[in-house]
>>> print(open('start.csv').read())   # CSV, C-alpha atoms
chain,number,residue,atom,x,y,z
A,1,MET,CA,70.2,18.8,101.1
A,2,ALA,CA,73.0,20.8,102.8
A,3,LYS,CA,75.2,22.9,100.6
A,4,VAL,CA,78.9,22.3,100.5
A,5,SER,CA,81.4,25.0,99.8
A,6,ILE,CA,84.6,23.6,98.3
A,7,ILE,CA,87.5,26.0,98.8
A,8,ILE,CA,90.4,25.5,96.4
A,9,PRO,CA,93.6,27.5,97.1
A,10,ILE,CA,95.6,27.8,93.9
A,11,TYR,CA,99.1,28.9,93.0
A,12,ASN,CA,100.7,28.0,89.6
A,13,GLU,CA,98.6,24.9,88.9
A,14,VAL,CA,97.9,25.4,85.2
A,15,VAL,CA,98.6,21.8,84.3
A,16,LEU,CA,96.4,20.0,87.0
A,17,LEU,CA,93.8,22.5,87.9
A,18,PRO,CA,91.5,21.7,84.9
A,19,THR,CA,91.5,18.0,85.9
A,20,VAL,CA,90.7,18.8,89.6
A,21,LEU,CA,87.9,21.1,88.6
A,22,GLU,CA,86.4,18.5,86.3
A,23,HIS,CA,86.4,15.9,89.0
A,24,VAL,CA,85.0,18.3,91.7
A,25,ARG,CA,82.2,19.5,89.4
A,26,ALA,CA,81.2,15.9,88.8
A,27,LEU,CA,80.5,15.3,92.5
A,28,PRO,CA,76.8,14.6,93.3
A,29,LEU,CA,76.5,17.4,95.9
A,30,ASP,CA,74.7,20.7,96.2
A,31,LYS,CA,77.9,22.7,96.1
A,32,GLU,CA,79.7,26.0,95.4
A,33,LEU,CA,83.3,26.3,94.3
A,34,VAL,CA,85.3,29.0,95.9
A,35,LEU,CA,88.5,29.3,93.8
A,36,VAL,CA,91.2,31.5,95.3
A,37,ASP,CA,94.2,32.4,93.2
A,38,ASP,CA,97.3,33.3,95.2
A,39,CYS,CA,98.8,35.5,92.4
A,40,SER,CA,99.7,32.7,89.9
A,41,THR,CA,102.0,33.6,87.1
A,42,ASP,CA,101.9,30.5,84.9
A,43,GLY,CA,98.6,30.9,83.0
A,44,THR,CA,96.4,29.7,85.8
A,45,ARG,CA,94.5,33.0,85.8
A,46,ASP,CA,93.4,32.4,82.2
A,47,ILE,CA,91.7,29.2,83.3
A,48,LEU,CA,90.1,31.0,86.2
A,49,ARG,CA,88.7,33.7,84.1
A,50,ARG,CA,86.8,31.1,82.2
A,51,GLU,CA,85.8,29.3,85.3
A,52,ALA,CA,84.2,32.4,86.7
A,53,GLU,CA,81.5,32.1,84.1
A,54,GLN,CA,80.4,28.7,85.6
A,55,PRO,CA,77.3,28.6,87.9
A,56,ASP,CA,77.9,28.3,91.6
A,57,THR,CA,81.5,29.4,91.2
A,58,ARG,CA,83.3,32.3,92.8
A,59,VAL,CA,86.8,33.2,91.7
A,60,LEU,CA,88.9,35.4,94.0
A,61,TYR,CA,92.3,36.9,93.3
A,62,HIS,CA,95.3,37.9,95.5
A,63,ASP,CA,97.3,40.7,94.1
A,64,ARG,CA,100.5,39.3,95.6
A,65,ASN,CA,101.5,35.8,96.7
A,66,GLN,CA,100.6,35.3,100.3
A,67,GLY,CA,100.5,31.6,100.9
A,68,LYS,CA,98.1,28.7,101.1
A,69,GLY,CA,96.8,29.7,104.5
A,70,ALA,CA,96.0,33.2,103.4
A,71,ALA,CA,94.2,31.8,100.3
A,72,ILE,CA,92.1,29.5,102.5
A,73,ARG,CA,91.2,32.4,104.8
A,74,THR,CA,90.1,34.5,101.8
A,75,GLY,CA,87.9,31.6,100.7
A,76,LEU,CA,86.4,31.1,104.1
A,77,ALA,CA,85.3,34.7,104.2
A,78,HIS,CA,83.3,34.2,101.1
A,79,ALA,CA,81.9,30.6,101.6
A,80,THR,CA,78.2,30.4,102.0
A,81,GLY,CA,77.6,26.6,102.3
A,82,ASP,CA,76.5,24.7,105.3
A,83,ILE,CA,79.7,22.7,105.2
A,84,VAL,CA,83.1,23.8,104.1
A,85,ILE,CA,85.9,21.6,102.8
A,86,ILE,CA,89.4,22.3,101.4
A,87,GLN,CA,90.5,20.8,98.1
A,88,ASP,CA,94.0,21.2,96.8
A,89,ALA,CA,94.6,22.3,93.3
A,90,ASP,CA,96.5,19.2,92.3
A,91,MET,CA,95.7,15.5,92.1
A,92,GLU,CA,97.5,14.2,95.2
A,93,TYR,CA,94.1,13.5,96.7
A,94,THR,CA,91.2,11.9,94.9
A,95,PRO,CA,88.3,14.4,94.7
A,96,SER,CA,85.6,11.7,94.9
A,97,ASP,CA,86.8,11.2,98.5
A,98,ILE,CA,85.2,14.5,99.3
A,99,LEU,CA,81.9,12.6,99.5
A,100,SER,CA,83.3,10.4,102.3
A,101,VAL,CA,84.7,13.3,104.2
A,102,VAL,CA,81.5,15.4,104.3
A,103,GLN,CA,79.2,12.5,104.9
A,104,PRO,CA,79.6,12.2,108.7
A,105,ILE,CA,78.8,15.9,108.9
A,106,LEU,CA,75.8,15.6,106.7
A,107,GLU,CA,74.6,12.8,108.9
A,108,GLY,CA,75.1,14.9,112.1
A,109,ARG,CA,77.7,12.6,113.6
A,110,THR,CA,80.3,15.3,113.9
A,111,ARG,CA,80.9,19.0,113.0
A,112,VAL,CA,84.5,18.4,112.0
A,113,CYS,CA,85.8,15.6,109.8
A,114,TYR,CA,89.3,14.9,108.4
A,115,GLY,CA,90.3,12.6,105.6
A,116,SER,CA,93.1,10.5,106.9
A,117,ARG,CA,95.7,9.2,104.5
A,118,PHE,CA,97.0,6.9,107.1
A,119,ARG,CA,93.7,5.2,107.5
A,120,GLY,CA,93.4,4.9,103.7
A,121,THR,CA,96.0,4.3,101.0
A,122,ILE,CA,99.2,6.2,100.4
A,123,VAL,CA,101.4,5.9,97.2
A,124,GLY,CA,104.8,7.5,96.9
A,125,MET,CA,105.2,9.3,100.2
A,126,ARG,CA,108.8,9.5,101.2
A,127,LEU,CA,109.9,8.2,104.5
A,128,PRO,CA,110.9,11.6,106.0
A,129,ASN,CA,107.5,12.9,105.1
A,130,ARG,CA,105.8,9.9,106.8
A,131,VAL,CA,107.9,10.5,109.9
A,132,ALA,CA,107.0,14.2,110.0
A,133,ASN,CA,103.3,13.4,109.6
A,134,HIS,CA,103.4,10.9,112.4
A,135,ILE,CA,105.2,13.3,114.7
A,136,LEU,CA,102.6,16.0,114.1
A,137,ALA,CA,99.7,13.6,114.8
A,138,TRP,CA,101.5,12.4,117.9
A,139,LEU,CA,101.9,16.0,119.1
A,140,VAL,CA,98.2,16.6,118.7
A,141,THR,CA,97.5,13.6,120.9
A,142,ILE,CA,99.9,14.7,123.6
A,143,LEU,CA,99.0,18.3,123.6
A,144,TYR,CA,95.3,18.2,123.0
A,145,GLY,CA,94.2,14.8,124.2
A,146,GLN,CA,92.6,13.5,121.0
A,147,ARG,CA,94.1,10.7,119.0
A,148,ILE,CA,94.2,11.5,115.3
A,149,THR,CA,96.3,9.9,112.6
A,150,ASP,CA,96.7,12.7,110.1
A,151,GLU,CA,97.0,16.3,111.3
A,152,ALA,CA,98.4,17.5,108.0
A,153,THR,CA,95.8,16.1,105.6
A,154,ALA,CA,94.4,18.6,103.1
A,155,TYR,CA,90.9,17.2,103.4
A,156,LYS,CA,89.5,19.0,106.3
A,157,ALA,CA,85.7,19.6,106.5
A,158,PHE,CA,83.7,21.7,108.9
A,159,ARG,CA,80.3,23.0,109.6
A,160,ARG,CA,80.6,26.6,108.4
A,161,GLU,CA,79.5,28.0,111.7
A,162,VAL,CA,82.4,26.2,113.4
A,163,ILE,CA,85.2,27.2,111.0
A,164,GLN,CA,84.1,30.8,110.5
A,165,LYS,CA,84.2,31.6,114.2
A,166,ILE,CA,87.8,30.5,114.5
A,167,PRO,CA,90.2,33.4,114.5
A,168,LEU,CA,92.8,32.2,112.0
A,169,THR,CA,96.1,34.1,111.4
A,170,CYS,CA,97.9,31.5,109.1
A,171,LYS,CA,99.7,32.6,106.0
A,172,ARG,CA,101.3,29.5,104.6
A,173,PHE,CA,101.0,25.8,105.5
A,174,GLU,CA,100.5,26.4,109.2
A,175,PHE,CA,96.7,26.5,108.4
A,176,CYS,CA,96.6,22.7,109.3
A,177,PRO,CA,98.1,22.9,112.8
A,178,GLU,CA,96.4,26.2,113.6
A,179,VAL,CA,92.9,25.1,112.7
A,180,THR,CA,93.4,21.7,114.4
A,181,ALA,CA,94.6,23.3,117.6
A,182,LYS,CA,91.9,25.9,117.7
A,183,VAL,CA,89.1,23.4,116.8
A,184,LEU,CA,90.2,21.1,119.7
A,185,ARG,CA,90.6,24.1,122.1
A,186,MET,CA,86.9,24.9,121.3
A,187,GLY,CA,85.9,21.5,122.5
A,188,GLU,CA,85.1,20.0,119.1
A,189,LYS,CA,85.9,16.4,118.3
A,190,ILE,CA,87.6,15.5,115.0
A,191,LEU,CA,86.3,12.4,113.2
A,192,GLU,CA,88.6,10.8,110.6
A,193,VAL,CA,87.7,8.8,107.5
A,194,PRO,CA,90.0,7.0,105.1
A,195,VAL,CA,91.1,8.8,101.9
A,196,ARG,CA,93.5,8.0,99.1
A,197,TYR,CA,96.8,9.9,98.5
A,198,VAL,CA,99.4,9.9,95.7
A,199,ALA,CA,102.3,12.1,96.6
A,200,ARG,CA,104.1,14.3,94.1
A,201,ASP,CA,107.6,15.6,94.4
A,202,PHE,CA,109.1,19.1,94.1
A,203,GLU,CA,109.9,18.6,90.4
A,204,ALA,CA,106.2,18.0,89.9
A,205,GLY,CA,105.2,21.1,91.7
A,206,LYS,CA,105.0,20.2,95.4
A,207,LYS,CA,105.5,23.3,97.5
A,208,ILE,CA,105.6,22.4,101.2
A,209,GLY,CA,109.1,21.9,102.6
A,210,TRP,CA,111.0,20.8,105.8
A,211,LYS,CA,110.9,24.3,107.4
A,212,ASP,CA,107.1,24.0,107.3
A,213,PHE,CA,107.4,21.0,109.6
A,214,PHE,CA,109.1,23.1,112.3
A,215,VAL,CA,106.6,25.9,111.9
A,216,ALA,CA,103.8,23.3,112.3
A,217,VAL,CA,105.4,22.0,115.5
A,218,TRP,CA,105.7,25.5,116.9
A,219,THR,CA,102.1,26.3,115.9
A,220,LEU,CA,100.7,23.3,117.8
A,221,VAL,CA,102.7,24.1,120.9
A,222,LYS,CA,102.0,27.9,121.0
A,223,ASN,CA,98.3,27.4,120.5
A,224,ARG,CA,98.1,25.0,123.4
A,225,PHE,CA,99.2,27.4,126.1
>>> encode(input="start.csv", output="structure tokens")
Amino acid sequence: MAKVSIIIPIYNEVVLLPTVLEHVRALPLDKELVLVDDCSTDGTRDILRREAEQPDTRVLYHDRNQGKGAAIRTGLAHATGDIVIIQDADMEYTPSDILSVVQPILEGRTRVCYGSRFRGTIVGMRLPNRVANHILAWLVTILYGQRITDEATAYKAFRREVIQKIPLTCKRFEFCPEVTAKVLRMGEKILEVPVRYVARDFEAGKKIGWKDFFVAVWTLVKNRF
């Protein structure tokens, strides 16, 4: 069976991280967990020190906060699985959906698969966020010629040889548009499968904001030309 590297970028998720890890560890996959702490200050590192003792778990630390994209890049540099997927450190996504996202790659039907919230179920997403997500997906279609429904999904899975040869420069949330643009520029096709999503708000710890939308638009445009 192919091995799956699950990269979890983490920043101040002391409340939800244990639940995420419990669910991810229960997945019936040959897997490794690559946990990347982006300089948390809320007690998350105490959890990670214990997690480092678990088998097939690698814990990496940033000595200063750099952003989600930087944490993913750190994780990618240390991933050894045949397939790589990103898992957020909260419970907006349902970890068991990882099985659906990696399955098309395991079956050889694609080398890149996204978990689309808009093909699945969404609870609690505010209208401005829906609009922003639809605009980004539309831009991908216009600029890169492939119709996708969810450019900004956290559930992105790749054959490792695909993702590790992409020269990423992202620091924050521009990982999503950058990797999407560069994957499509390489000639890869993105397959989408439905996933479940329950949005949280800023009071509950959500970190992405409106300025990240404009960065995403610019990232899609600049990587096209």
>>> closest_residue(input="start.csv", among="A:Arg25, A:Arg130, A:Arg45, A:Arg117", to="A:Thr57", atoms="all atoms listed in the file")
A:Arg25
>>> residues_near_point(input="start.csv", point="(99.3, 22.7, 80.8)", cutoff="10 Å", atoms="only C-alpha atoms", output="ChimeraX atom specification")
/A:13-18,42-44
>>> atom_distance(input="start.csv", atom1="atom CA of A:Asp82", atom2="atom CA of A:Ala2")
5.8 Å
>>> closest_atom_pairs(input="start.csv", of="stretch 96-136 of chain A", to="stretch 177-194 of chain A", cutoff="8 Å", atoms="all atoms listed in the file", output="Markdown table")
| residue | atom | partner | partner_atom | distance |
| --- | --- | --- | --- | --- |
| A:Ser100 | CA | A:Val193 | CA | 7.0 |
| A:Val101 | CA | A:Val193 | CA | 6.3 |
| A:Thr110 | CA | A:Leu191 | CA | 6.7 |
| A:Arg111 | CA | A:Glu188 | CA | 7.5 |
| A:Val112 | CA | A:Ile190 | CA | 5.2 |
| A:Cys113 | CA | A:Leu191 | CA | 4.7 |
| A:Tyr114 | CA | A:Glu192 | CA | 4.7 |
| A:Gly115 | CA | A:Val193 | CA | 5.0 |
| A:Ser116 | CA | A:Pro194 | CA | 5.0 |
| A:Arg117 | CA | A:Pro194 | CA | 6.1 |
| A:Phe118 | CA | A:Pro194 | CA | 7.3 |
| A:Arg119 | CA | A:Pro194 | CA | 4.8 |
| A:Gly120 | CA | A:Pro194 | CA | 4.2 |
| A:Thr121 | CA | A:Pro194 | CA | 7.8 |
>>> write_last_selection(input="start.csv", atoms="C-alpha atoms", output="tab-separated table (two decimals), in the frame of the given file")
chain	number	residue	atom	x	y	z
A	100	SER	CA	83.30	10.40	102.30
A	101	VAL	CA	84.70	13.30	104.20
A	110	THR	CA	80.30	15.30	113.90
A	111	ARG	CA	80.90	19.00	113.00
A	112	VAL	CA	84.50	18.40	112.00
A	113	CYS	CA	85.80	15.60	109.80
A	114	TYR	CA	89.30	14.90	108.40
A	115	GLY	CA	90.30	12.60	105.60
A	116	SER	CA	93.10	10.50	106.90
A	117	ARG	CA	95.70	9.20	104.50
A	118	PHE	CA	97.00	6.90	107.10
A	119	ARG	CA	93.70	5.20	107.50
A	120	GLY	CA	93.40	4.90	103.70
A	121	THR	CA	96.00	4.30	101.00
>>> closest_residue(input="start.csv", among="A:Val102, A:Ala70, A:Met1, A:Ala79", to="A:Leu33", atoms="only C-alpha atoms")
A:Ala79
>>> residues_around(input="start.csv", residues="A:Ile10", least_positions_apart="2", cutoff="9 Å", atoms="only C-alpha atoms", output="list in words")
Ile8, Asn12, Glu13, Leu17, Leu35, Val36, Asp37, Asp38, Cys39, Ser40, Thr44, Lys68, Ala71, Asp88, Ala89 and Asp90 of chain A
>>> write_last_selection(input="start.csv", atoms="C-alpha atoms", output="PDB file, keeping the file's coordinate frame")
ATOM      1  CA  ILE A   8      90.400  25.500  96.400  1.00  0.00           C
ATOM      2  CA  ASN A  12     100.700  28.000  89.600  1.00  0.00           C
ATOM      3  CA  GLU A  13      98.600  24.900  88.900  1.00  0.00           C
ATOM      4  CA  LEU A  17      93.800  22.500  87.900  1.00  0.00           C
ATOM      5  CA  LEU A  35      88.500  29.300  93.800  1.00  0.00           C
ATOM      6  CA  VAL A  36      91.200  31.500  95.300  1.00  0.00           C
ATOM      7  CA  ASP A  37      94.200  32.400  93.200  1.00  0.00           C
ATOM      8  CA  ASP A  38      97.300  33.300  95.200  1.00  0.00           C
ATOM      9  CA  CYS A  39      98.800  35.500  92.400  1.00  0.00           C
ATOM     10  CA  SER A  40      99.700  32.700  89.900  1.00  0.00           C
ATOM     11  CA  THR A  44      96.400  29.700  85.800  1.00  0.00           C
ATOM     12  CA  LYS A  68      98.100  28.700 101.100  1.00  0.00           C
ATOM     13  CA  ALA A  71      94.200  31.800 100.300  1.00  0.00           C
ATOM     14  CA  ASP A  88      94.000  21.200  96.800  1.00  0.00           C
ATOM     15  CA  ALA A  89      94.600  22.300  93.300  1.00  0.00           C
ATOM     16  CA  ASP A  90      96.500  19.200  92.300  1.00  0.00           C
TER      17      ASP A  90
END
>>> atom_distance(input="start.csv", atom1="atom CA of A:Thr169", atom2="atom CA of A:Asn223")
11.5 Å
>>> closest_residue(input="start.csv", among="A:Gln87, A:Gln103, A:Gln66, A:Thr141", to="A:Leu29", atoms="all atoms listed in the file")
A:Gln103
>>> residues_around(input="start.csv", residues="A:Gln54", least_positions_apart="3", cutoff="12 Å", atoms="all atoms listed in the file", output="JSON, numbers by chain")
{"A": [21, 22, 25, 32, 33, 34, 35, 47, 48, 49, 50, 51, 57, 58, 59]}
>>> write_last_selection(input="start.csv", atoms="C-alpha atoms", output="mmCIF file, keeping the file's coordinate frame")
data_model
loop_
_atom_site.group_PDB
_atom_site.id
_atom_site.type_symbol
_atom_site.label_atom_id
_atom_site.label_comp_id
_atom_site.auth_asym_id
_atom_site.auth_seq_id
_atom_site.Cartn_x
_atom_site.Cartn_y
_atom_site.Cartn_z
ATOM 1 C CA LEU A 21 87.900 21.100 88.600
ATOM 2 C CA GLU A 22 86.400 18.500 86.300
ATOM 3 C CA ARG A 25 82.200 19.500 89.400
ATOM 4 C CA GLU A 32 79.700 26.000 95.400
ATOM 5 C CA LEU A 33 83.300 26.300 94.300
ATOM 6 C CA VAL A 34 85.300 29.000 95.900
ATOM 7 C CA LEU A 35 88.500 29.300 93.800
ATOM 8 C CA ILE A 47 91.700 29.200 83.300
ATOM 9 C CA LEU A 48 90.100 31.000 86.200
ATOM 10 C CA ARG A 49 88.700 33.700 84.100
ATOM 11 C CA ARG A 50 86.800 31.100 82.200
ATOM 12 C CA GLU A 51 85.800 29.300 85.300
ATOM 13 C CA THR A 57 81.500 29.400 91.200
ATOM 14 C CA ARG A 58 83.300 32.300 92.800
ATOM 15 C CA VAL A 59 86.800 33.200 91.700
#
>>> residues_around(input="start.csv", residues="A:Glu174", least_positions_apart="2", cutoff="9 Å", atoms="all atoms listed in the file", output="ChimeraX atom specification")
/A:68-69,170-172,176-179,212-213,215-216,219
>>> atom_distance(input="start.csv", atom1="atom CA of A:Ser5", atom2="atom CA of A:Ile98")
11.2 Å
>>> closest_residue(input="start.csv", among="A:Val217, A:Leu60, A:Met91, A:Val20", to="A:His78", atoms="only C-alpha atoms")
A:Leu60
>>> closest_residue(input="start.csv", among="A:Arg73, A:Lys211, A:Arg147, A:His23", to="A:Pro167", atoms="all atoms listed in the file")
A:Arg73
>>> closest_residue(input="start.csv", among="A:Ala52, A:Val198, A:Val84, A:Leu139", to="A:Met125", atoms="all atoms listed in the file")
A:Val198
>>> decode(input="start.csv", residues="stretch 130-161 of chain A", atoms="N, CA and C atoms", output="CSV table (one decimal), in the first residue's frame")
chain,number,residue,atom,x,y,z
A,130,ARG,N,-18.3,32.9,0.7
A,130,ARG,CA,-18.7,32.1,-0.5
A,130,ARG,C,-18.4,32.8,-1.8
A,131,VAL,N,-18.7,34.1,-1.8
A,131,VAL,CA,-18.5,34.9,-3.0
A,131,VAL,C,-17.0,34.9,-3.3
A,132,ALA,N,-16.1,35.1,-2.3
A,132,ALA,CA,-14.7,35.1,-2.5
A,132,ALA,C,-14.2,33.8,-3.1
A,133,ASN,N,-14.7,32.7,-2.6
A,133,ASN,CA,-14.3,31.4,-3.0
A,133,ASN,C,-14.7,31.1,-4.5
A,134,HIS,N,-15.9,31.6,-4.8
A,134,HIS,CA,-16.4,31.4,-6.2
A,134,HIS,C,-15.6,32.2,-7.2
A,135,ILE,N,-15.2,33.4,-6.8
A,135,ILE,CA,-14.4,34.3,-7.6
A,135,ILE,C,-13.1,33.6,-7.9
A,136,LEU,N,-12.4,33.1,-6.9
A,136,LEU,CA,-11.1,32.5,-7.0
A,136,LEU,C,-11.2,31.3,-7.9
A,137,ALA,N,-12.3,30.4,-7.8
A,137,ALA,CA,-12.4,29.3,-8.6
A,137,ALA,C,-12.7,29.7,-10.1
A,138,TRP,N,-13.5,30.8,-10.3
A,138,TRP,CA,-13.7,31.3,-11.6
A,138,TRP,C,-12.5,31.8,-12.2
A,139,LEU,N,-11.6,32.5,-11.5
A,139,LEU,CA,-10.3,33.0,-12.0
A,139,LEU,C,-9.4,31.8,-12.5
A,140,VAL,N,-9.4,30.7,-11.7
A,140,VAL,CA,-8.6,29.6,-12.2
A,140,VAL,C,-9.2,29.1,-13.5
A,141,THR,N,-10.5,29.0,-13.7
A,141,THR,CA,-11.0,28.6,-14.9
A,141,THR,C,-10.7,29.5,-16.1
A,142,ILE,N,-10.8,30.8,-15.9
A,142,ILE,CA,-10.5,31.8,-16.9
A,142,ILE,C,-9.0,31.8,-17.3
A,143,LEU,N,-8.1,31.8,-16.2
A,143,LEU,CA,-6.7,32.0,-16.5
A,143,LEU,C,-6.0,30.7,-16.9
A,144,TYR,N,-6.5,29.5,-16.4
A,144,TYR,CA,-5.7,28.3,-16.6
A,144,TYR,C,-6.5,27.2,-17.4
A,145,GLY,N,-7.7,27.5,-17.7
A,145,GLY,CA,-8.4,26.6,-18.6
A,145,GLY,C,-8.9,25.3,-18.0
A,146,GLN,N,-8.9,25.2,-16.7
A,146,GLN,CA,-9.5,24.0,-16.0
A,146,GLN,C,-10.6,24.5,-15.1
A,147,ARG,N,-11.8,23.9,-15.2
A,147,ARG,CA,-12.9,24.2,-14.3
A,147,ARG,C,-12.7,23.5,-13.0
A,148,ILE,N,-12.6,24.2,-11.9
A,148,ILE,CA,-12.6,23.7,-10.6
A,148,ILE,C,-13.6,24.5,-9.8
A,149,THR,N,-14.1,23.9,-8.7
A,149,THR,CA,-15.1,24.5,-7.9
A,149,THR,C,-14.6,25.1,-6.6
A,150,ASP,N,-13.4,24.7,-6.2
A,150,ASP,CA,-12.9,25.1,-4.8
A,150,ASP,C,-11.4,25.2,-4.8
A,151,GLU,N,-10.9,26.4,-5.3
A,151,GLU,CA,-9.4,26.6,-5.3
A,151,GLU,C,-8.9,26.7,-3.9
A,152,ALA,N,-9.6,27.2,-3.0
A,152,ALA,CA,-9.1,27.6,-1.6
A,152,ALA,C,-9.3,26.4,-0.6
A,153,THR,N,-9.7,25.3,-1.0
A,153,THR,CA,-9.9,24.2,-0.1
A,153,THR,C,-8.6,23.8,0.6
A,154,ALA,N,-8.6,23.4,1.8
A,154,ALA,CA,-7.4,23.0,2.6
A,154,ALA,C,-7.0,21.6,2.1
A,155,TYR,N,-8.0,20.8,1.7
A,155,TYR,CA,-7.7,19.4,1.3
A,155,TYR,C,-7.1,19.3,-0.1
A,156,LYS,N,-5.8,19.4,-0.2
A,156,LYS,CA,-5.1,19.3,-1.5
A,156,LYS,C,-4.2,18.1,-1.3
A,157,ALA,N,-4.3,17.1,-2.2
A,157,ALA,CA,-3.4,15.9,-2.2
A,157,ALA,C,-2.7,15.8,-3.5
A,158,PHE,N,-1.4,15.3,-3.4
A,158,PHE,CA,-0.5,15.2,-4.6
A,158,PHE,C,0.3,14.0,-4.5
A,159,ARG,N,0.7,13.4,-5.6
A,159,ARG,CA,1.8,12.5,-5.6
A,159,ARG,C,3.0,13.3,-5.2
A,160,ARG,N,3.8,12.7,-4.3
A,160,ARG,CA,5.0,13.5,-3.7
A,160,ARG,C,5.9,14.0,-4.8
A,161,GLU,N,6.1,13.2,-5.9
A,161,GLU,CA,7.1,13.7,-6.9
A,161,GLU,C,6.6,14.9,-7.7
